[in-house]
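The next block is entry38.cif, given as mmCIF, C-alpha atoms.
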data_run
#
loop_
_atom_site.label_atom_id
_atom_site.label_comp_id
_atom_site.auth_asym_id
_atom_site.auth_seq_id
_atom_site.Cartn_x
_atom_site.Cartn_y
_atom_site.Cartn_z
CA MET A 23 95.21 82.30 82.75
CA ALA A 24 92.09 80.78 84.15
CA THR A 25 88.69 82.19 83.61
CA THR A 26 85.45 80.35 83.79
CA THR A 27 82.11 80.99 82.27
CA ASP A 28 80.34 79.21 85.06
CA THR A 29 80.08 80.87 88.39
CA LYS A 30 81.04 78.44 91.07
CA THR A 31 81.14 80.34 94.26
CA THR A 32 81.64 78.84 97.61
CA SER A 33 82.10 81.05 100.55
CA THR A 34 83.31 80.10 103.96
CA SER A 35 84.36 82.57 106.49
CA THR A 36 84.75 83.12 110.14
CA SER A 37 83.76 86.29 111.71
CA SER A 38 84.37 87.33 115.23
CA ASN A 39 83.97 90.51 117.09
CA ALA A 40 87.67 90.77 117.73
CA SER A 41 88.99 94.22 117.08
CA VAL A 42 92.51 95.29 116.38
CA GLU A 43 94.05 97.99 118.46
CA PRO A 44 94.29 101.02 116.19
CA SER A 45 97.53 102.14 114.73
CA SER A 46 98.66 104.46 111.98
CA GLY A 47 99.69 102.04 109.25
CA GLY A 48 102.11 99.96 111.20
CA SER A 49 102.36 97.86 114.28
CA SER A 50 104.24 99.00 117.31
CA LEU A 51 106.00 96.03 118.81
CA ALA A 52 108.20 97.76 121.30
CA SER A 53 107.84 101.10 122.91
CA THR A 54 110.51 102.21 125.27
CA ASP A 55 112.15 105.45 126.26
CA GLY A 56 114.72 104.68 123.61
CA GLY A 57 112.16 104.50 120.81
CA THR A 58 109.63 102.24 119.15
CA THR A 59 109.75 99.47 116.60
CA THR A 60 106.95 99.30 114.06
CA ILE A 61 106.20 96.89 111.23
CA ASP A 62 104.44 98.11 108.12
CA ARG A 63 101.32 96.38 106.88
CA ALA A 64 103.13 95.66 103.61
CA VAL A 65 105.41 93.30 105.51
CA VAL A 66 102.51 91.48 107.15
CA SER A 67 100.67 91.27 103.80
CA LYS A 68 103.62 89.64 102.08
CA ILE A 69 104.10 87.11 104.85
CA ALA A 70 100.39 86.27 104.80
CA SER A 71 100.45 85.92 101.02
CA ILE A 72 103.34 83.46 101.13
CA ALA A 73 101.75 81.54 103.99
CA VAL A 74 98.53 81.07 102.02
CA ARG A 75 100.39 79.83 98.94
CA GLU A 76 102.24 77.26 101.04
CA VAL A 77 99.01 75.35 101.66
CA ASP A 78 98.16 72.59 99.20
CA GLY A 79 94.77 73.10 97.63
CA VAL A 80 95.01 76.85 97.20
CA HIS A 81 95.04 77.61 93.49
CA HIS A 82 95.61 81.33 93.71
CA LEU A 83 94.84 84.37 95.78
CA GLY A 84 92.12 86.81 94.87
CA GLY A 85 88.99 86.25 92.86
CA ALA A 86 88.74 85.02 89.29
CA ILE A 87 89.24 88.49 87.81
CA SER A 88 92.00 89.57 90.14
CA GLY A 89 93.68 86.22 89.54
CA ALA A 90 93.68 86.88 85.82
CA VAL A 91 95.07 90.36 86.34
CA ALA A 92 97.71 89.03 88.74
CA SER A 93 98.70 86.46 86.14
CA VAL A 94 99.32 89.18 83.57
CA VAL A 95 101.27 91.26 86.09
CA LYS A 96 103.32 88.21 87.01
CA ARG A 97 104.26 87.64 83.36
CA ILE A 98 105.30 91.24 82.93
CA ARG A 99 107.13 91.78 86.19
CA GLY A 100 108.12 88.25 87.11
CA ASP A 101 106.67 89.03 90.51
CA GLU A 102 105.03 86.10 92.19
CA HIS A 103 104.47 87.78 95.48
CA GLY A 104 101.79 90.32 94.84
CA THR A 105 99.46 90.70 97.75
CA ALA A 106 96.23 90.68 95.75
CA GLY A 107 93.59 88.86 97.75
CA VAL A 108 95.17 89.70 101.09
CA GLY A 109 93.98 92.55 103.28
CA VAL A 110 95.68 93.30 106.56
CA GLU A 111 94.83 95.52 109.45
CA VAL A 112 97.56 96.04 111.98
CA GLY A 113 97.46 97.52 115.41
CA THR A 114 99.90 98.12 118.19
CA ARG A 115 100.28 94.44 119.03
CA GLN A 116 97.67 92.65 116.96
CA ALA A 117 96.76 91.98 113.37
CA ALA A 118 93.68 90.87 111.47
CA VAL A 119 93.86 89.30 108.03
CA ASP A 120 91.26 89.00 105.26
CA ILE A 121 91.97 86.48 102.52
CA THR A 122 90.20 85.95 99.21
CA MET A 123 91.26 82.89 97.28
CA VAL A 124 90.36 80.25 94.69
CA ALA A 125 90.53 76.62 95.83
CA GLU A 126 91.34 73.53 93.82
CA TYR A 127 88.59 70.98 93.34
CA PRO A 128 87.92 68.61 95.17
CA VAL A 129 89.78 69.81 98.25
CA PRO A 130 87.58 69.77 101.38
CA LEU A 131 87.04 73.44 102.00
CA GLN A 132 86.68 73.26 105.76
CA GLU A 133 90.01 71.50 106.09
CA LEU A 134 91.59 73.83 103.56
CA THR A 135 90.46 77.00 105.30
CA ARG A 136 91.51 75.58 108.66
CA SER A 137 94.98 74.85 107.28
CA VAL A 138 95.24 78.29 105.71
CA ARG A 139 94.13 79.98 108.91
CA ASP A 140 96.58 78.00 111.03
CA ASN A 141 99.50 78.61 108.68
CA VAL A 142 98.85 82.32 108.30
CA THR A 143 98.50 82.75 112.06
CA SER A 144 101.63 80.75 112.77
CA ARG A 145 103.77 82.55 110.21
CA ILE A 146 102.74 86.06 111.13
CA GLU A 147 103.05 85.47 114.87
CA SER A 148 106.44 83.81 114.60
CA LEU A 149 107.91 86.19 112.04
CA THR A 150 106.60 89.51 113.30
CA GLY A 151 105.70 89.00 116.95
CA LEU A 152 102.18 90.29 116.31
CA GLU A 153 99.20 88.45 117.74
CA VAL A 154 96.78 87.43 115.00
CA VAL A 155 93.27 87.89 116.34
CA GLU A 156 91.29 87.19 113.19
CA VAL A 157 91.75 85.45 109.84
CA ASN A 158 88.73 85.77 107.55
CA ILE A 159 88.75 83.60 104.46
CA VAL A 160 86.49 83.82 101.44
CA VAL A 161 86.72 81.10 98.81
CA THR A 162 85.37 82.80 95.72
CA ASP A 163 85.71 80.02 93.20
CA LEU A 164 86.81 76.47 92.56
CA PHE A 165 89.49 75.56 90.09
CA PHE A 166 88.87 72.38 88.12
CA PRO A 167 91.75 70.47 86.54
CA GLY A 168 91.57 71.16 82.83
CA ASP A 169 90.23 74.67 83.15
CA GLU A 170 93.52 76.12 81.97
CA ASN A 171 93.61 73.84 78.89
CA GLU A 172 90.14 74.90 77.92
CA GLN A 173 91.18 78.48 78.24
CA ALA A 174 94.36 77.99 76.25
CA ASP A 175 92.68 77.22 72.95
CA GLY A 176 89.55 79.16 73.77
CA THR A 177 87.61 77.23 71.15
CA SER A 178 86.23 74.31 73.12
CA PRO A 179 82.96 73.31 71.51
CA ARG A 180 79.95 72.93 73.71
CA VAL A 181 79.01 69.68 71.99
CA GLU A 182 80.84 67.16 69.86
CA MET B 7 122.77 104.73 97.83
CA ASP B 8 124.05 108.04 96.62
CA ASP B 9 127.20 109.19 98.29
CA VAL B 10 127.61 112.65 99.75
CA ASP B 11 130.82 114.47 100.34
CA LEU B 12 130.65 115.37 103.99
CA ASP B 13 132.59 118.58 103.91
CA ASP B 14 132.25 121.50 106.28
CA ASP B 15 129.29 122.94 104.36
CA VAL B 16 127.07 119.96 105.01
CA ASP B 17 124.37 120.52 107.56
CA PRO B 18 125.17 118.55 110.75
CA ASP B 19 121.76 116.91 110.78
CA LEU B 20 122.21 115.77 107.19
CA ALA B 21 125.69 114.52 107.98
CA LEU B 22 124.32 112.60 110.94
CA ALA B 23 121.53 111.18 108.78
CA TRP B 24 124.00 109.97 106.17
CA SER B 25 126.19 108.38 108.83
CA ILE B 26 123.17 106.61 110.30
CA ALA B 27 122.12 105.50 106.81
CA ARG B 28 125.54 104.04 106.05
CA THR B 29 125.66 102.18 109.33
CA THR B 30 122.13 100.87 108.90
CA VAL B 31 122.54 99.55 105.36
CA SER B 32 125.75 97.82 106.42
CA PHE B 33 123.64 95.71 108.75
CA HIS B 34 123.34 92.28 107.13
CA ASP B 35 119.59 91.97 107.70
CA VAL B 36 118.83 95.31 106.06
CA ALA B 37 118.43 95.32 102.28
CA ARG B 38 118.01 99.07 101.92
CA LEU B 39 116.32 102.11 103.40
CA SER B 40 112.85 103.28 102.42
CA ALA B 41 111.61 106.82 102.13
CA GLY B 42 108.02 105.61 101.84
CA PRO B 43 105.69 105.47 98.84
CA VAL B 44 106.02 109.17 98.05
CA GLY B 45 109.48 109.70 99.43
CA VAL B 46 108.61 112.02 102.28
CA HIS B 47 110.46 110.08 104.97
CA ALA B 48 113.85 111.66 104.57
CA THR B 49 116.11 114.32 105.98
CA TRP B 50 116.13 117.40 103.76
CA ARG B 51 118.70 120.16 104.11
CA ARG B 52 119.85 122.76 101.63
CA GLY B 53 118.59 120.88 98.62
CA GLN B 54 120.15 117.62 99.69
CA ARG B 55 118.26 114.61 100.89
CA CYS B 56 118.95 111.45 102.87
CA PRO B 57 116.06 109.03 102.18
CA GLY B 58 114.90 106.65 104.88
CA VAL B 59 116.38 108.52 107.84
CA VAL B 60 114.51 111.35 109.52
CA VAL B 61 116.48 113.50 111.95
CA ASP B 62 114.21 115.68 114.05
CA ARG B 63 115.96 118.14 116.35
CA ASN B 64 112.87 119.08 118.28
CA HIS B 65 112.77 118.27 121.95
CA PRO B 66 113.39 115.54 122.65
CA PRO B 67 115.61 114.84 119.64
CA ARG B 68 114.21 111.98 117.61
CA VAL B 69 115.51 109.87 114.75
CA GLN B 70 113.40 107.56 112.62
CA VAL B 71 114.99 104.88 110.48
CA ARG B 72 112.88 103.06 107.89
CA VAL B 73 114.39 99.77 106.79
CA VAL B 74 113.58 97.05 104.26
CA ALA B 75 114.36 93.59 105.63
CA THR B 76 116.34 91.17 103.49
CA ARG B 77 113.94 88.27 104.05
CA PRO B 78 110.83 87.47 106.13
CA GLU B 79 112.56 85.41 108.80
CA VAL B 80 114.74 88.31 109.95
CA VAL B 81 111.85 90.70 110.58
CA VAL B 82 111.20 89.65 114.15
CA GLY B 83 113.60 91.45 116.44
CA LEU B 84 115.11 93.46 113.59
CA GLY B 85 114.16 96.76 115.17
CA ASP B 86 115.90 95.91 118.40
CA ARG B 87 119.04 94.74 116.59
CA VAL B 88 119.22 97.87 114.46
CA ARG B 89 118.61 100.06 117.50
CA SER B 90 121.34 98.34 119.50
CA ARG B 91 123.81 98.74 116.65
CA LEU B 92 123.04 102.43 116.15
CA ARG B 93 123.13 103.09 119.88
CA ALA B 94 126.55 101.50 120.05
CA ASP B 95 127.83 103.64 117.19
CA PHE B 96 126.13 106.96 117.86
CA GLY B 97 125.25 106.95 121.55
CA ASP B 98 123.27 109.95 122.73
CA ARG B 99 123.69 111.83 119.45
CA ILE B 100 120.48 110.29 118.13
CA GLY B 101 118.14 110.72 121.13
CA VAL B 102 114.96 108.69 120.74
CA LEU B 103 115.37 106.14 117.94
CA ASP B 104 112.32 104.74 116.16
CA VAL B 105 112.78 101.85 113.75
CA HIS B 106 110.12 101.12 111.14
CA VAL B 107 110.28 97.92 109.09
CA ALA B 108 108.75 99.30 105.92
CA ASP B 109 108.98 96.27 103.66
CA VAL B 110 110.57 92.89 103.18
CA VAL B 111 112.34 91.46 100.15
CA VAL B 112 110.93 88.25 98.76
CA ASP B 113 112.92 86.75 95.92
CA PRO B 114 110.45 85.75 93.22
CA VAL B 115 112.87 83.39 91.49
CA ASP B 116 114.43 81.39 94.29
CA GLN B 117 111.77 81.74 96.91
CA PRO B 118 113.01 81.15 100.42
CA ALA B 119 110.49 79.30 102.50
CA LEU B 120 109.46 81.05 105.65
CA ASP B 121 111.34 78.57 107.80
CA GLY B 122 114.57 79.75 106.20
CA THR B 123 115.13 76.91 103.78
CA VAL B 124 115.51 77.67 100.10
CA GLY B 125 113.62 76.04 97.28
CA GLY B 126 111.14 73.20 97.66
#
Represent the structure of the file as structure tokens.
Amino acid sequence: MATTTDTKTTSTSTSSNASVEPSSGGSSLASTDGGTTTIDRAVVSKIASIAVREVDGVHHLGGAISGAVASVVKRIRGDEHGTAGVGVEVGTRQAAVDITMVAEYPVPLQELTRSVRDNVTSRIESLTGLEVVEVNIVVTDLFFPGDENEQADGTSPRVE
Amino acid sequence: MDDVDLDDDVDPDLALAWSIARTTVSFHDVARLSAGPVGVHATWRRGQRCPGVVVDRNHPPRVQVRVVATRPEVVVGLGDRVRSRLRADFGDRIGVLDVHVADVVVDPVDQPALDGTVGG
């Protein structure tokens, strides 16, 4: 479980004025006289979560605190696919995604966020048929190699 | 899924819901049906319940089926495939048929990649 005493916050995000066509909790992909097909936001969230984790340089989803909580939940439930750090808004044909994540140091953040954005967009569009109009990414922290070791003993002296 | 003895006392809507449920879960891309977070998406008759299938006999008759996909790569087009299968089996008995993909199963141990490969 990784927690840091220093606050290392880097934020990069894109923001556009794109809006998602409103819907009531799901996305309507087909509407015919015979009926409609809708996809729940839980499905889109899981796909987005997996797509983010596929990118090298992403340490975990969510902020430092939510990452710690997710780590505990993962140990208890064995569930590695929680959607903490992923927010999704779905409409009739479109989706918007908000991602909060911790990046590994020293990955170039612009390249990392571009890769995450491309992968999330590609996965959601190919697997659900929804058009992704917006992917907002916030990098809340950097993970330094060795952080976990320092946390493991919890007694690292400040000076030798 | 609980089994129900479809004898003469069973409400016809509930019997239809159970038949639709059985056909739907036999579909290889459907892991199970979902009644939603609080279980309200179901057909209720005479104290019995068919979760995940809502039979509404208002006009026009409407049926909603809520499915959980077996894996992410089968989500696209799943609604159309389920609808085609149910149409073939039930015809006009089900009127308007709405399909809602409520969730997707992601195996936490042997994670399938989104391109369909396993592991790695």
| query | Of the candidates B:Ala37, B:Phe96, B:Val46, B:Pro78, which one gets nearest to chain A if we count all atoms listed in the file? | reply | B:Pro78
| Residue neighbourhood Ser148 (chain A), 8 Å, all atoms listed in the file, exclusion window fewer than 4 positions, as number ranges by chain | A: 144, 152; B: 82
Report the residues retrieved by the PyMOL selection byres ((chain A) within 6 of (chain B)) from the displayed file, expressed as a PDB file with C-alpha atoms, in the frame of the given file.
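Contents of selection_4.pdb, as written:
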ATOM      1  CA  GLY A  56     114.720 104.680 123.610  1.00  0.00           C
ATOM      2  CA  GLY A  57     112.160 104.500 120.810  1.00  0.00           C
ATOM      3  CA  THR A  58     109.630 102.240 119.150  1.00  0.00           C
ATOM      4  CA  THR A  59     109.750  99.470 116.600  1.00  0.00           C
ATOM      5  CA  THR A  60     106.950  99.300 114.060  1.00  0.00           C
ATOM      6  CA  ILE A  61     106.200  96.890 111.230  1.00  0.00           C
ATOM      7  CA  ASP A  62     104.440  98.110 108.120  1.00  0.00           C
ATOM      8  CA  ALA A  64     103.130  95.660 103.610  1.00  0.00           C
ATOM      9  CA  VAL A  65     105.410  93.300 105.510  1.00  0.00           C
ATOM     10  CA  ASP A 101     106.670  89.030  90.510  1.00  0.00           C
ATOM     11  CA  GLU A 102     105.030  86.100  92.190  1.00  0.00           C
ATOM     12  CA  LEU A 149     107.910  86.190 112.040  1.00  0.00           C
ATOM     13  CA  THR A 150     106.600  89.510 113.300  1.00  0.00           C
TER      14      THR A 150
END
| Target residues per the PyMOL selection byres ((chain B and resi 56) around 12), formatted as a PyMOL selection string | chain B and resi 7-10+16-17+19-28+39-41+45-55+57-61+70-72
| What is the distance, in Å and to one decimal place, between CA of His82 (chain A) and CA of Ala125 (chain A)? |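 Separation of CA of His82 (chain A) and CA of Ala125 (chain A): 7.2 Å.
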| query | Could you work out how far CA of Glu126 (chain A) lies from CA of Gly168 (chain A), giving the answer in Å with one decimal? | reply |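 Computing it gives 11.2 Å between the two atoms.
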| Could you work out how far CA of Asp163 (chain A) lies from CA of Asp140 (chain A), giving the answer in Å with one decimal? |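 Distance between the two atoms: 21.0 Å.
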Evaluate the PyMOL selection byres ((chain A and resi 67) around 9) and report residues as a PDB file with C-alpha atoms, keeping the file's coordinate frame:
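Dumped everything to result-v4.pdb:
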ATOM      1  CA  ASP A  62     104.440  98.110 108.120  1.00  0.00           C
ATOM      2  CA  ARG A  63     101.320  96.380 106.880  1.00  0.00           C
ATOM      3  CA  ALA A  64     103.130  95.660 103.610  1.00  0.00           C
ATOM      4  CA  VAL A  65     105.410  93.300 105.510  1.00  0.00           C
ATOM      5  CA  VAL A  66     102.510  91.480 107.150  1.00  0.00           C
ATOM      6  CA  LYS A  68     103.620  89.640 102.080  1.00  0.00           C
ATOM      7  CA  ILE A  69     104.100  87.110 104.850  1.00  0.00           C
ATOM      8  CA  ALA A  70     100.390  86.270 104.800  1.00  0.00           C
ATOM      9  CA  SER A  71     100.450  85.920 101.020  1.00  0.00           C
ATOM     10  CA  ILE A  72     103.340  83.460 101.130  1.00  0.00           C
ATOM     11  CA  THR A 105      99.460  90.700  97.750  1.00  0.00           C
ATOM     12  CA  VAL A 108      95.170  89.700 101.090  1.00  0.00           C
ATOM     13  CA  GLY A 109      93.980  92.550 103.280  1.00  0.00           C
ATOM     14  CA  VAL A 110      95.680  93.300 106.560  1.00  0.00           C
ATOM     15  CA  VAL A 119      93.860  89.300 108.030  1.00  0.00           C
TER      16      VAL A 119
END
